[in-house]
Each structure stands twice: as structure tokens, then as C-alpha cells.
>>> print(open('entry-v3.csv').read())   # CSV, C-alpha atoms
chain,number,residue,atom,x,y,z
P,1,MET,CA,21.7,18.0,8.1
P,2,ARG,CA,18.9,15.5,8.1
P,3,VAL,CA,16.2,15.7,10.7
P,4,LEU,CA,13.5,13.1,11.7
P,5,ALA,CA,10.7,15.2,13.2
P,6,ILE,CA,8.1,13.4,15.3
P,7,ASP,CA,4.7,14.6,16.5
P,8,PRO,CA,4.0,11.8,19.0
P,9,GLY,CA,0.7,10.3,19.9
P,10,TYR,CA,-0.8,6.8,20.2
P,11,ASP,CA,-3.9,7.5,18.1
P,12,ARG,CA,-1.9,9.3,15.4
P,13,LEU,CA,1.8,9.8,14.9
P,14,GLY,CA,3.0,12.6,12.6
P,15,ILE,CA,6.4,11.8,11.2
P,16,ALA,CA,8.6,13.7,8.7
P,17,VAL,CA,12.2,13.6,7.4
P,18,LEU,CA,13.6,16.9,6.2
P,19,GLU,CA,17.1,17.9,5.1
P,20,GLY,CA,19.0,21.0,4.2
P,21,ASP,CA,19.0,24.3,6.1
P,22,VAL,CA,16.3,26.8,6.8
P,23,SER,CA,16.8,28.7,3.5
P,24,GLN,CA,16.7,25.4,1.5
P,25,PRO,CA,14.7,22.8,3.3
P,26,THR,CA,13.7,19.7,1.4
P,27,LEU,CA,11.0,17.2,2.5
P,28,VAL,CA,12.4,13.7,2.1
P,29,TRP,CA,9.4,11.8,3.4
P,30,SER,CA,6.4,12.3,5.7
P,31,ALA,CA,3.4,10.3,6.9
P,32,CYS,CA,0.7,10.1,9.4
P,33,ILE,CA,0.8,6.7,11.1
P,34,THR,CA,-2.5,5.6,12.6
P,35,PRO,CA,-2.0,2.4,14.7
P,36,ALA,CA,-4.7,-0.2,14.4
P,37,LYS,CA,-7.3,-0.1,17.2
P,38,GLY,CA,-6.2,-2.3,20.0
P,39,THR,CA,-4.5,-2.2,23.4
P,40,ARG,CA,-2.2,0.7,24.3
P,41,ALA,CA,0.7,-1.9,24.2
P,42,ASN,CA,-0.2,-2.8,20.6
P,43,ARG,CA,-0.5,0.8,19.5
P,44,LEU,CA,2.8,1.8,21.1
P,45,ALA,CA,4.5,-1.2,19.6
P,46,GLU,CA,3.3,0.2,16.2
P,47,VAL,CA,4.6,3.6,17.1
P,48,LYS,CA,8.0,2.1,18.1
P,49,GLY,CA,8.2,0.1,14.9
P,50,ALA,CA,7.4,3.1,12.7
P,51,ILE,CA,10.0,5.3,14.3
P,52,GLU,CA,12.7,2.5,14.3
P,53,ASP,CA,12.0,1.8,10.6
P,54,ALA,CA,12.3,5.5,9.8
P,55,ILE,CA,15.6,5.8,11.6
P,56,GLN,CA,16.9,2.8,9.8
P,57,LYS,CA,15.7,3.8,6.4
P,58,TYR,CA,16.4,7.5,6.4
P,59,LYS,CA,19.4,7.6,8.7
P,60,PRO,CA,18.8,11.1,10.3
P,61,ASP,CA,21.5,13.1,12.1
P,62,LEU,CA,19.0,14.3,14.7
P,63,VAL,CA,15.5,13.7,16.1
P,64,ALA,CA,13.2,16.6,16.7
P,65,LEU,CA,10.4,16.3,19.2
P,66,GLU,CA,7.8,18.9,20.3
P,67,THR,CA,7.9,19.6,24.1
P,68,LEU,CA,4.9,18.5,25.9
P,69,PHE,CA,2.8,21.0,27.8
P,70,PHE,CA,0.0,20.0,30.1
P,71,GLY,CA,-3.3,20.8,28.5
P,72,VAL,CA,-6.7,20.4,30.1
P,73,ASN,CA,-6.8,16.7,29.6
P,74,LYS,CA,-4.4,14.8,31.8
P,75,LYS,CA,-5.2,11.4,30.3
P,76,THR,CA,-4.3,12.7,26.8
P,77,ALA,CA,-1.1,14.2,28.3
P,78,LEU,CA,-0.1,10.9,29.8
P,79,GLY,CA,-0.9,9.1,26.5
P,80,VAL,CA,1.3,11.5,24.6
P,81,ALA,CA,4.0,11.2,27.3
P,82,GLY,CA,4.1,7.5,26.7
P,83,ALA,CA,4.5,7.9,22.9
P,84,ARG,CA,7.2,10.5,23.5
P,85,GLY,CA,9.0,8.0,25.8
P,86,VAL,CA,8.9,5.5,23.0
P,87,ALA,CA,10.4,8.1,20.5
P,88,LEU,CA,13.1,9.2,23.0
P,89,ALA,CA,14.1,5.5,23.7
P,90,ALA,CA,14.3,4.8,19.9
P,91,ALA,CA,16.5,7.9,19.4
P,92,GLY,CA,18.7,7.0,22.4
P,93,THR,CA,19.1,3.4,21.2
P,94,ALA,CA,20.2,4.7,17.7
P,95,GLY,CA,22.7,7.1,19.4
P,96,LEU,CA,20.8,10.2,18.1
P,97,GLN,CA,20.6,13.5,19.8
P,98,VAL,CA,17.1,14.9,20.5
P,99,LEU,CA,16.3,18.5,19.8
P,100,GLU,CA,13.1,19.7,21.6
P,101,ARG,CA,11.1,22.6,20.4
P,102,SER,CA,8.0,24.1,22.1
P,103,PRO,CA,4.8,24.6,20.1
P,104,GLN,CA,5.5,28.3,20.3
P,105,GLN,CA,9.0,28.0,18.9
P,106,VAL,CA,7.6,26.0,16.0
P,107,LYS,CA,4.9,28.6,15.3
P,108,ILE,CA,7.6,31.4,15.4
P,109,ALA,CA,9.8,29.5,13.0
P,110,VAL,CA,7.0,28.9,10.5
P,111,THR,CA,4.9,32.0,10.8
P,112,GLY,CA,7.0,34.5,12.7
P,113,GLU,CA,4.2,34.6,15.3
P,114,GLY,CA,4.1,32.5,18.5
P,115,ARG,CA,0.3,32.7,18.8
P,116,ALA,CA,-0.5,31.7,15.2
P,117,ASP,CA,-3.3,29.3,14.8
P,118,LYS,CA,-3.2,25.9,13.1
P,119,ALA,CA,-4.6,27.3,9.8
P,120,ALA,CA,-1.9,30.0,9.6
P,121,VAL,CA,0.8,27.3,10.2
P,122,ALA,CA,-0.8,25.1,7.5
P,123,ARG,CA,-0.9,28.0,5.0
P,124,MET,CA,2.8,28.8,5.5
P,125,ILE,CA,4.2,25.3,5.2
P,126,PRO,CA,3.9,25.1,1.3
P,127,ARG,CA,5.6,28.5,1.1
P,128,LEU,CA,8.6,27.3,3.0
P,129,ILE,CA,9.0,23.7,1.6
P,130,ALA,CA,7.9,21.9,-1.5
P,131,LEU,CA,5.3,19.3,-0.7
P,132,PRO,CA,5.1,16.4,-3.1
P,133,PRO,CA,1.7,15.9,-4.6
P,134,ARG,CA,-0.7,13.5,-2.9
P,135,PRO,CA,-2.9,10.9,-4.7
P,136,ALA,CA,-6.3,12.5,-5.5
P,137,GLY,CA,-8.6,12.7,-2.5
P,138,GLN,CA,-5.8,12.0,0.0
P,139,LYS,CA,-5.3,14.9,2.4
P,140,ARG,CA,-2.2,15.6,4.6
P,141,LEU,CA,-3.5,15.2,8.1
P,142,ASP,CA,-2.8,17.8,10.8
P,143,ASP,CA,-0.3,15.6,12.6
P,144,GLU,CA,1.8,15.1,9.4
P,145,LEU,CA,1.8,18.9,8.9
P,146,ASP,CA,2.7,19.4,12.5
P,147,ALA,CA,5.7,17.1,12.1
P,148,ILE,CA,6.8,19.0,8.9
P,149,ALA,CA,6.5,22.3,10.8
P,150,LEU,CA,8.6,20.9,13.6
P,151,GLY,CA,11.2,19.7,11.1
P,152,ILE,CA,11.3,23.3,9.6
P,153,ALA,CA,11.7,24.7,13.1
P,154,ALA,CA,14.5,22.3,13.9
P,155,LEU,CA,16.4,23.2,10.7
P,156,ALA,CA,15.8,26.9,11.4
P,157,GLN,CA,17.4,26.6,14.8
P,158,LYS,CA,20.5,28.9,14.5
P,159,ASN,CA,23.8,27.2,15.2
P,160,ILE,CA,22.2,23.9,15.2
P,161,PHE,CA,25.5,22.0,15.1
P,162,ALA,CA,27.0,24.1,17.9
P,163,GLN,CA,23.9,23.3,20.0
P,164,ILE,CA,24.4,19.6,19.4
P,165,GLU,CA,28.0,19.9,20.6
P,166,SER,CA,26.8,21.5,23.8
P,167,PRO,CA,24.0,19.3,25.1
P,168,ARG,CA,22.9,21.6,27.9
P,169,HIS,CA,21.1,23.7,25.2
P,170,ILE,CA,19.1,20.8,23.8
P,171,THR,CA,18.7,18.2,26.5
P,172,PRO,CA,15.3,18.2,28.0
P,173,ARG,CA,15.0,19.6,31.5
P,174,GLY,CA,14.7,17.0,34.2
U,1,MET,CA,2.3,-18.7,34.6
U,2,ARG,CA,5.4,-16.5,34.5
U,3,VAL,CA,5.0,-12.8,35.1
U,4,LEU,CA,7.5,-10.0,34.3
U,5,ALA,CA,6.6,-7.2,36.7
U,6,ILE,CA,7.9,-3.7,36.0
U,7,ASP,CA,7.9,-0.6,38.3
U,8,PRO,CA,8.8,1.9,35.6
U,9,GLY,CA,10.9,5.0,36.0
U,10,TYR,CA,13.8,6.7,34.2
U,11,ASP,CA,15.9,7.2,37.3
U,12,ARG,CA,15.3,3.7,38.6
U,13,LEU,CA,13.5,0.8,37.1
U,14,GLY,CA,12.3,-2.1,39.4
U,15,ILE,CA,12.0,-5.3,37.5
U,16,ALA,CA,11.1,-8.8,38.7
U,17,VAL,CA,10.2,-12.2,37.2
U,18,LEU,CA,7.9,-14.4,39.3
U,19,GLU,CA,6.2,-17.7,38.5
U,20,GLY,CA,3.7,-20.1,40.0
U,21,ASP,CA,0.4,-19.0,41.5
U,22,VAL,CA,-0.5,-17.0,44.6
U,23,SER,CA,-0.1,-19.9,47.0
U,24,GLN,CA,3.3,-20.9,45.6
U,25,PRO,CA,5.0,-17.9,44.1
U,26,THR,CA,8.7,-18.2,43.2
U,27,LEU,CA,11.0,-15.3,42.5
U,28,VAL,CA,13.0,-16.2,39.3
U,29,TRP,CA,15.0,-12.9,39.1
U,30,SER,CA,14.8,-9.3,40.2
U,31,ALA,CA,16.8,-6.2,39.9
U,32,CYS,CA,16.8,-2.4,40.2
U,33,ILE,CA,18.2,-0.9,37.0
U,34,THR,CA,19.7,2.6,37.5
U,35,PRO,CA,20.4,4.1,34.0
U,36,ALA,CA,23.6,6.0,33.8
U,37,LYS,CA,23.3,9.8,34.1
U,38,GLY,CA,22.6,11.3,30.7
U,39,THR,CA,19.9,12.6,28.5
U,40,ARG,CA,16.4,11.3,28.9
U,41,ALA,CA,16.8,9.6,25.5
U,42,ASN,CA,19.8,7.7,26.8
U,43,ARG,CA,18.1,6.7,30.0
U,44,LEU,CA,15.0,5.5,28.3
U,45,ALA,CA,17.1,3.6,25.8
U,46,GLU,CA,18.6,1.7,28.8
U,47,VAL,CA,15.2,1.1,30.2
U,48,LYS,CA,14.1,-0.3,26.8
U,49,GLY,CA,17.2,-2.5,26.6
U,50,ALA,CA,16.7,-3.9,30.1
U,51,ILE,CA,13.0,-4.8,29.5
U,52,GLU,CA,13.7,-6.3,26.1
U,53,ASP,CA,16.6,-8.3,27.5
U,54,ALA,CA,14.4,-9.6,30.4
U,55,ILE,CA,11.6,-10.6,27.9
U,56,GLN,CA,14.0,-12.4,25.7
U,57,LYS,CA,15.8,-14.2,28.6
U,58,TYR,CA,12.9,-15.1,30.9
U,59,LYS,CA,10.1,-15.5,28.3
U,60,PRO,CA,7.2,-14.3,30.5
U,61,ASP,CA,3.6,-15.1,29.7
U,62,LEU,CA,2.4,-11.7,30.9
U,63,VAL,CA,3.7,-8.3,31.8
U,64,ALA,CA,2.4,-6.6,34.9
U,65,LEU,CA,2.6,-2.8,35.3
U,66,GLU,CA,1.4,-0.5,38.0
U,67,THR,CA,-1.2,2.0,36.9
U,68,LEU,CA,-0.1,5.6,37.1
U,69,PHE,CA,-1.9,8.1,39.2
U,70,PHE,CA,-1.2,11.7,39.1
U,71,GLY,CA,0.7,12.7,42.2
U,72,VAL,CA,1.6,16.2,43.2
U,73,ASN,CA,4.6,16.4,40.8
U,74,LYS,CA,3.5,16.6,37.2
U,75,LYS,CA,7.0,16.4,35.9
U,76,THR,CA,7.6,13.1,37.7
U,77,ALA,CA,4.3,11.8,36.4
U,78,LEU,CA,5.3,12.6,32.8
U,79,GLY,CA,8.7,11.0,33.3
U,80,VAL,CA,7.1,7.8,34.6
U,81,ALA,CA,4.5,7.9,31.8
U,82,GLY,CA,7.4,8.0,29.3
U,83,ALA,CA,9.0,4.9,30.9
U,84,ARG,CA,5.6,3.2,31.0
U,85,GLY,CA,5.2,3.9,27.3
U,86,VAL,CA,8.6,2.2,26.7
U,87,ALA,CA,7.5,-0.9,28.8
U,88,LEU,CA,4.1,-1.1,27.0
U,89,ALA,CA,5.7,-0.9,23.6
U,90,ALA,CA,8.2,-3.6,24.5
U,91,ALA,CA,5.3,-5.9,25.7
U,92,GLY,CA,3.3,-5.1,22.6
U,93,THR,CA,6.2,-5.8,20.3
U,94,ALA,CA,6.7,-9.2,22.0
U,95,GLY,CA,3.0,-10.0,21.7
U,96,LEU,CA,2.5,-10.0,25.5
U,97,GLN,CA,-0.6,-9.0,27.3
U,98,VAL,CA,-0.3,-6.4,29.9
U,99,LEU,CA,-2.0,-6.6,33.3
U,100,GLU,CA,-2.3,-3.3,35.1
U,101,ARG,CA,-2.8,-3.2,38.9
U,102,SER,CA,-3.3,0.0,41.0
U,103,PRO,CA,-1.0,0.7,43.9
U,104,GLN,CA,-4.0,0.0,46.2
U,105,GLN,CA,-4.6,-3.4,44.5
U,106,VAL,CA,-0.9,-4.3,45.1
U,107,LYS,CA,-1.1,-3.3,48.8
U,108,ILE,CA,-4.3,-5.4,49.3
U,109,ALA,CA,-2.7,-8.4,47.6
U,110,VAL,CA,0.4,-8.2,49.8
U,111,THR,CA,-0.9,-6.9,53.1
U,112,GLY,CA,-4.7,-7.2,52.9
U,113,GLU,CA,-4.9,-3.5,53.5
U,114,GLY,CA,-5.2,-0.9,50.7
U,115,ARG,CA,-3.7,1.9,52.8
U,116,ALA,CA,-0.7,0.0,54.0
U,117,ASP,CA,2.6,1.9,54.0
U,118,LYS,CA,5.8,1.0,52.2
U,119,ALA,CA,7.3,-0.6,55.4
U,120,ALA,CA,4.3,-2.9,55.8
U,121,VAL,CA,4.6,-4.0,52.2
U,122,ALA,CA,8.3,-4.6,52.6
U,123,ARG,CA,7.8,-6.6,55.8
U,124,MET,CA,5.2,-8.9,54.1
U,125,ILE,CA,7.2,-9.7,51.0
U,126,PRO,CA,9.6,-12.2,52.6
U,127,ARG,CA,6.6,-14.0,54.2
U,128,LEU,CA,5.0,-14.5,50.8
U,129,ILE,CA,8.0,-15.4,48.6
U,130,ALA,CA,11.5,-16.7,49.2
U,131,LEU,CA,14.0,-14.0,48.4
U,132,PRO,CA,17.5,-15.3,47.5
U,133,PRO,CA,20.3,-13.9,49.7
U,134,ARG,CA,22.1,-10.8,48.5
U,135,PRO,CA,25.9,-10.3,48.6
U,136,ALA,CA,26.8,-8.8,52.0
U,137,GLY,CA,26.1,-5.1,52.2
U,138,GLN,CA,23.9,-5.0,49.2
U,139,LYS,CA,20.3,-4.0,49.8
U,140,ARG,CA,17.2,-4.6,47.8
U,141,LEU,CA,16.0,-1.2,46.7
U,142,ASP,CA,12.5,0.0,47.1
U,143,ASP,CA,11.8,-0.1,43.4
U,144,GLU,CA,12.9,-3.8,43.2
U,145,LEU,CA,10.6,-4.6,46.2
U,146,ASP,CA,7.8,-2.7,44.5
U,147,ALA,CA,8.2,-4.8,41.3
U,148,ILE,CA,8.2,-8.0,43.4
U,149,ALA,CA,5.0,-6.9,45.2
U,150,LEU,CA,3.4,-6.1,41.9
U,151,GLY,CA,4.4,-9.6,40.6
U,152,ILE,CA,2.8,-11.2,43.7
U,153,ALA,CA,-0.4,-9.1,43.1
U,154,ALA,CA,-0.5,-10.2,39.4
U,155,LEU,CA,-0.2,-13.9,40.4
U,156,ALA,CA,-2.9,-13.3,43.1
U,157,GLN,CA,-5.3,-12.0,40.5
U,158,LYS,CA,-8.2,-14.5,40.5
U,159,ASN,CA,-8.9,-16.2,37.2
U,160,ILE,CA,-5.9,-14.6,35.7
U,161,PHE,CA,-6.1,-16.8,32.6
U,162,ALA,CA,-9.8,-16.1,32.2
U,163,GLN,CA,-9.0,-12.4,32.4
U,164,ILE,CA,-6.3,-12.7,29.7
U,165,GLU,CA,-8.8,-14.4,27.4
U,166,SER,CA,-11.2,-11.5,27.9
U,167,PRO,CA,-9.1,-8.4,27.3
U,168,ARG,CA,-11.7,-5.9,28.4
U,169,HIS,CA,-10.9,-6.8,32.0
U,170,ILE,CA,-7.2,-6.0,31.7
U,171,THR,CA,-6.7,-3.5,28.9
U,172,PRO,CA,-6.1,0.0,30.1
U,173,ARG,CA,-8.8,2.4,29.8
U,174,GLY,CA,-8.3,4.9,26.9
>>> encode(input="entry-v3.csv", output="C-alpha cells")
Amino acid sequence: MRVLAIDPGYDRLGIAVLEGDVSQPTLVWSACITPAKGTRANRLAEVKGAIEDAIQKYKPDLVALETLFFGVNKKTALGVAGARGVALAAAGTAGLQVLERSPQQVKIAVTGEGRADKAAVARMIPRLIALPPRPAGQKRLDDELDAIALGIAALAQKNIFAQIESPRHITPRG
Amino acid sequence: MRVLAIDPGYDRLGIAVLEGDVSQPTLVWSACITPAKGTRANRLAEVKGAIEDAIQKYKPDLVALETLFFGVNKKTALGVAGARGVALAAAGTAGLQVLERSPQQVKIAVTGEGRADKAAVARMIPRLIALPPRPAGQKRLDDELDAIALGIAALAQKNIFAQIESPRHITPRG
């Protein structure tokens, strides 16, 4: 089972490819894509290109996306919704199923605690999956770690194959 | 000047190609795309395909999109935001500028009145642009008329070329 996990955004896109199951997850590739400054159309075109390239190069069996909850900032929510639309369309075009996990489900999968903070999630990730070393001075950005955590949560999903067979469990509501 | 006007949605997508200027607009093509029932990923993949096909076939100079305002229903707003993201990414990938018009700007361009209702807009459209006949019993859907109205508003935009030269006037905020 190979999962392409996407933490969508038009300022920064976290993206990760994981494979294996929850007891033996492997990180195949991850990145934080930061589209060049420009119009939203140009940024979303970069987001689209990055996701399409990753699907073509890594041939995932499944796309994982975090569900979107309305935060305080409606403008941010609409921006993220646009990037999520681009990710969903890319998955649909490639004939891939989409597994959505809530932020809480991701936290539970990684830390066992649905109210864990970002630092706790970041601390747990290297205990669950081997992260390849980075060039000196280069940090993994939050969005990249969020995508890796989402990939772990997707692989942790019990009966993941059974759920794919039965779309009502995994298709988004509405 | 040829405009591809899109009224985005994942249940129904209104789409129209217009050319000329505001005193002589011509309708080149219009349609209401209704993606097959399925997951959001499949529907958005259809939306993406329809927009990409229209760009390739009709080679517009510009894409027009209606700005999104938050209505009562947040779920609908997020769904539309996803479809708008797909449209923006398609425009950006094709290197096309995007002109956004508010619903009020569209109403003013078509009826002269920013608070005009849907019926008034629908009555004015055939006075402003020649609509090709439809096969008997086939009605133009609201979404298709909305896209045509948006196209008229885009062509009505004064100094449209000047605005394209100077992106700050037409790029979306944020």
C-alpha cells in the first residue's frame, strides 16, 4: 500500500509518499512546495503540477487528504478549499480513491491523543518512521511534517483495503 | 478579445465562450456541465476536464470567474471554492489571466441594477447577445445563463486590456 498524503495550501503545500502498513511505514519521499509569489491562478497551477508529478512519479494506490474545518479565518479556509479542490481533481483524474482524515484522527494515530499539540506530533514522527537526513541547515517545515503525519494516519487506518472497497466509509460528505 | 466565463460548482458548472466587445458581444459556445454522481474527486475531475477542453478548443484570451461570497451555507461555499480552485489552476496552467467580477458587478453590467433578481438578468441576456436556438424542449439552465452574464460583464469591463496589463486591478486579493 502506497499513499500520497497532501496537506493542501496555496502558500505552502506539504506532500509525502509513504508505503507499508502502520507497523512498518516507510517514507519514500516528502517535500514542502512553496509556489512562487504571483496570482492565485499561478500558485494553484504550481500546486496542480506538483501533485500531478508526484502521482505520475510515485504511482500511489491512494491519496490522503486532511478534512477541512472552518477556522477563524474564512479567507484562509476558502484558499485551502481551492487547493483541496485541485488535489481532489488530480486524484479523480488519475482514478485514485481519496481517504480523508480529520486533524484529530491524525493526532490520535500519531500520538494517541486527539488534542495533542504540533510539538507533540513533531516529536512522535521520527519514532514511528525513519526520516532520511536533510542537508545541513535545512529544516523540515511544519507542512511537510503534517503531510507525513497524515500518511502515517492513513496507513494506520484499520481495514484500509476494506474501506476502499466500500466507498461510503471514505468518500467525503456532501 | 475572447473570454471563457465560468460559473463554478461541482454539481453544475456553467461555462460560456464570448467574444467581441460590450457593444458587439457574440456567444461562441455555452453549456451547463453536470458531472455524473460520484465522489467529489470524480466530480472535480470532470470539472477540470471540461475547463481544460474548453481552453484547448476555444483558445480564450482571458478567463472570467465570479468572486465567491460567503452565503449562509458554509458547506456549499467550500464546495464552490474547490471548483473555483480547479478553474484557477487550469487558467494558471494555460498562462491565462483571470478577471474576477462580483455578482453585483455582473448584475450592473447586464441590467444596470446591482440588486436585480435572477429573472431580470435572464430577461436582459437575449437583448444583449444573440443566443443560438436550442433543440426543442431543451432549456438553458441558470448556471449556463450565469456564465453568459459573467462573460458579458467581462467584455463590458472598461479598458479591459489596460487592466490585464496592470495585474493589481484584476488579481484576487490574498
>>> interface_residues(input="entry-v3.csv", of="chain U", to="chain P", cutoff="9 Å", atoms="only C-alpha atoms", output="VMD selection string")
chain U and resid 38 to 49 70 74 to 98 167 171 to 174
>>> atom_distance(input="entry-v3.csv", atom1="atom CA of Glu66 of chain U", atom2="atom CA of Ile148 of chain U")
11.5 Å
>>> closest_residue(input="entry-v3.csv", among="U:Lys59, U:Arg140, U:Lys37, U:Arg115", to="Leu18 of chain U", atoms="only C-alpha atoms")
U:Lys59
>>> atom_distance(input="entry-v3.csv", atom1="atom CA of Trp29 of chain P", atom2="atom CA of Arg101 of chain P")
20.2 Å
>>> calpha_fit_and_write(input="entry-v3.csv", fixed="chain U", moving="chain P", output="short mmCIF file (atom, residue, chain, number, x, y, z; two decimals) with C-alpha atoms, in the coordinates of the input")
data_model
loop_
_atom_site.label_atom_id
_atom_site.label_comp_id
_atom_site.auth_asym_id
_atom_site.auth_seq_id
_atom_site.Cartn_x
_atom_site.Cartn_y
_atom_site.Cartn_z
CA MET P 1 2.33 -18.74 34.74
CA ARG P 2 5.36 -16.53 34.50
CA VAL P 3 5.03 -12.83 35.07
CA LEU P 4 7.52 -9.96 34.29
CA ALA P 5 6.55 -7.21 36.74
CA ILE P 6 7.83 -3.70 36.03
CA ASP P 7 7.92 -0.65 38.29
CA PRO P 8 8.77 1.95 35.63
CA GLY P 9 10.84 5.04 36.02
CA TYR P 10 13.77 6.69 34.21
CA ASP P 11 15.92 7.23 37.31
CA ARG P 12 15.26 3.71 38.61
CA LEU P 13 13.46 0.75 37.12
CA GLY P 14 12.27 -2.05 39.41
CA ILE P 15 12.01 -5.29 37.52
CA ALA P 16 11.07 -8.82 38.70
CA VAL P 17 10.18 -12.21 37.16
CA LEU P 18 7.94 -14.42 39.25
CA GLU P 19 6.23 -17.73 38.47
CA GLY P 20 3.72 -20.04 40.02
CA ASP P 21 0.40 -19.07 41.60
CA VAL P 22 -0.44 -17.01 44.61
CA SER P 23 -0.13 -19.94 47.07
CA GLN P 24 3.29 -20.92 45.58
CA PRO P 25 5.00 -17.95 44.08
CA THR P 26 8.66 -18.27 43.20
CA LEU P 27 11.02 -15.33 42.45
CA VAL P 28 12.98 -16.17 39.32
CA TRP P 29 14.96 -12.95 39.08
CA SER P 30 14.74 -9.30 40.16
CA ALA P 31 16.84 -6.15 39.90
CA CYS P 32 16.84 -2.48 40.22
CA ILE P 33 18.18 -0.93 37.02
CA THR P 34 19.63 2.54 37.45
CA PRO P 35 20.42 4.08 34.00
CA ALA P 36 23.63 6.03 33.76
CA LYS P 37 23.21 9.81 34.12
CA GLY P 38 22.64 11.32 30.76
CA THR P 39 19.88 12.59 28.47
CA ARG P 40 16.31 11.32 28.90
CA ALA P 41 16.79 9.56 25.46
CA ASN P 42 19.84 7.70 26.81
CA ARG P 43 18.13 6.69 30.02
CA LEU P 44 15.01 5.46 28.23
CA ALA P 45 17.11 3.57 25.75
CA GLU P 46 18.61 1.79 28.84
CA VAL P 47 15.17 1.14 30.18
CA LYS P 48 14.05 -0.30 26.79
CA GLY P 49 17.11 -2.50 26.57
CA ALA P 50 16.66 -3.88 30.09
CA ILE P 51 13.04 -4.77 29.56
CA GLU P 52 13.70 -6.29 26.04
CA ASP P 53 16.57 -8.39 27.46
CA ALA P 54 14.34 -9.61 30.28
CA ILE P 55 11.59 -10.61 27.91
CA GLN P 56 14.04 -12.44 25.78
CA LYS P 57 15.82 -14.18 28.57
CA TYR P 58 12.95 -15.09 30.84
CA LYS P 59 10.20 -15.51 28.29
CA PRO P 60 7.19 -14.36 30.48
CA ASP P 61 3.55 -15.16 29.66
CA LEU P 62 2.44 -11.71 30.84
CA VAL P 63 3.71 -8.24 31.78
CA ALA P 64 2.47 -6.57 34.90
CA LEU P 65 2.58 -2.82 35.21
CA GLU P 66 1.41 -0.55 38.08
CA THR P 67 -1.24 2.03 36.95
CA LEU P 68 -0.09 5.51 37.08
CA PHE P 69 -1.88 8.02 39.26
CA PHE P 70 -1.17 11.71 39.15
CA GLY P 71 0.72 12.73 42.23
CA VAL P 72 1.69 16.25 43.18
CA ASN P 73 4.55 16.40 40.78
CA LYS P 74 3.50 16.56 37.16
CA LYS P 75 7.04 16.43 35.78
CA THR P 76 7.68 13.14 37.67
CA ALA P 77 4.32 11.85 36.34
CA LEU P 78 5.27 12.63 32.79
CA GLY P 79 8.72 11.02 33.31
CA VAL P 80 7.11 7.86 34.60
CA ALA P 81 4.55 7.99 31.75
CA GLY P 82 7.37 7.92 29.29
CA ALA P 83 9.03 4.87 30.93
CA ARG P 84 5.65 3.14 31.04
CA GLY P 85 5.24 3.86 27.29
CA VAL P 86 8.56 2.21 26.71
CA ALA P 87 7.47 -0.92 28.78
CA LEU P 88 4.06 -1.11 27.02
CA ALA P 89 5.74 -0.85 23.52
CA ALA P 90 8.24 -3.64 24.48
CA ALA P 91 5.37 -5.87 25.69
CA GLY P 92 3.28 -5.12 22.57
CA THR P 93 6.23 -5.83 20.25
CA ALA P 94 6.78 -9.25 22.03
CA GLY P 95 3.02 -10.03 21.65
CA LEU P 96 2.51 -10.02 25.48
CA GLN P 97 -0.61 -9.05 27.26
CA VAL P 98 -0.32 -6.32 29.93
CA LEU P 99 -2.02 -6.69 33.26
CA GLU P 100 -2.35 -3.35 35.16
CA ARG P 101 -2.73 -3.18 38.85
CA SER P 102 -3.25 -0.01 40.96
CA PRO P 103 -0.98 0.69 43.93
CA GLN P 104 -3.96 -0.08 46.12
CA GLN P 105 -4.61 -3.45 44.53
CA VAL P 106 -0.96 -4.34 45.08
CA LYS P 107 -1.09 -3.30 48.74
CA ILE P 108 -4.32 -5.40 49.21
CA ALA P 109 -2.71 -8.41 47.61
CA VAL P 110 0.41 -8.22 49.78
CA THR P 111 -0.90 -6.93 53.05
CA GLY P 112 -4.66 -7.30 52.89
CA GLU P 113 -4.87 -3.52 53.45
CA GLY P 114 -5.17 -0.91 50.66
CA ARG P 115 -3.70 1.89 52.80
CA ALA P 116 -0.63 -0.03 54.02
CA ASP P 117 2.55 1.89 54.02
CA LYS P 118 5.78 1.00 52.23
CA ALA P 119 7.32 -0.58 55.38
CA ALA P 120 4.32 -2.89 55.90
CA VAL P 121 4.57 -4.00 52.21
CA ALA P 122 8.33 -4.58 52.64
CA ARG P 123 7.79 -6.65 55.81
CA MET P 124 5.23 -8.92 54.12
CA ILE P 125 7.14 -9.68 50.95
CA PRO P 126 9.60 -12.26 52.59
CA ARG P 127 6.59 -13.96 54.17
CA LEU P 128 4.94 -14.52 50.84
CA ILE P 129 8.00 -15.37 48.61
CA ALA P 130 11.48 -16.63 49.22
CA LEU P 131 14.03 -13.97 48.46
CA PRO P 132 17.45 -15.22 47.48
CA PRO P 133 20.22 -13.90 49.64
CA ARG P 134 22.04 -10.75 48.55
CA PRO P 135 25.86 -10.23 48.65
CA ALA P 136 26.80 -8.67 52.03
CA GLY P 137 26.06 -4.96 52.21
CA GLN P 138 23.83 -5.00 49.11
CA LYS P 139 20.27 -3.96 49.92
CA ARG P 140 17.12 -4.59 47.79
CA LEU P 141 16.04 -1.13 46.77
CA ASP P 142 12.43 0.02 47.13
CA ASP P 143 11.76 -0.14 43.41
CA GLU P 144 12.90 -3.82 43.21
CA LEU P 145 10.58 -4.63 46.15
CA ASP P 146 7.81 -2.72 44.51
CA ALA P 147 8.20 -4.79 41.35
CA ILE P 148 8.17 -8.07 43.43
CA ALA P 149 4.99 -6.88 45.18
CA LEU P 150 3.40 -6.15 41.85
CA GLY P 151 4.41 -9.59 40.57
CA ILE P 152 2.73 -11.16 43.72
CA ALA P 153 -0.37 -9.08 43.06
CA ALA P 154 -0.48 -10.14 39.44
CA LEU P 155 -0.20 -13.85 40.35
CA ALA P 156 -2.84 -13.37 43.06
CA GLN P 157 -5.29 -11.99 40.54
CA LYS P 158 -8.14 -14.60 40.59
CA ASN P 159 -8.91 -16.16 37.24
CA ILE P 160 -5.91 -14.68 35.76
CA PHE P 161 -6.09 -16.79 32.59
CA ALA P 162 -9.80 -16.05 32.10
CA GLN P 163 -8.97 -12.32 32.39
CA ILE P 164 -6.34 -12.66 29.70
CA GLU P 165 -8.90 -14.31 27.41
CA SER P 166 -11.22 -11.37 27.90
CA PRO P 167 -9.13 -8.26 27.34
CA ARG P 168 -11.75 -5.76 28.45
CA HIS P 169 -10.84 -6.72 32.08
CA ILE P 170 -7.14 -6.01 31.69
CA THR P 171 -6.68 -3.49 28.92
CA PRO P 172 -5.93 -0.08 30.20
CA ARG P 173 -8.70 2.47 29.92
CA GLY P 174 -8.29 4.92 27.10
#
>>> residues_around(input="entry-v3.csv", residues="segment 123-129 of chain P", least_positions_apart="5", cutoff="9 Å", atoms="only C-alpha atoms", output="PyMOL selection string")
chain P and resi 22-27+110-111+118+145+148-149+152
>>> closest_residue(input="entry-v3.csv", among="P:Met1, P:Leu131, P:Ile15, P:Ala136", to="Asp53 of chain P", atoms="all atoms listed in the file")
P:Ile15
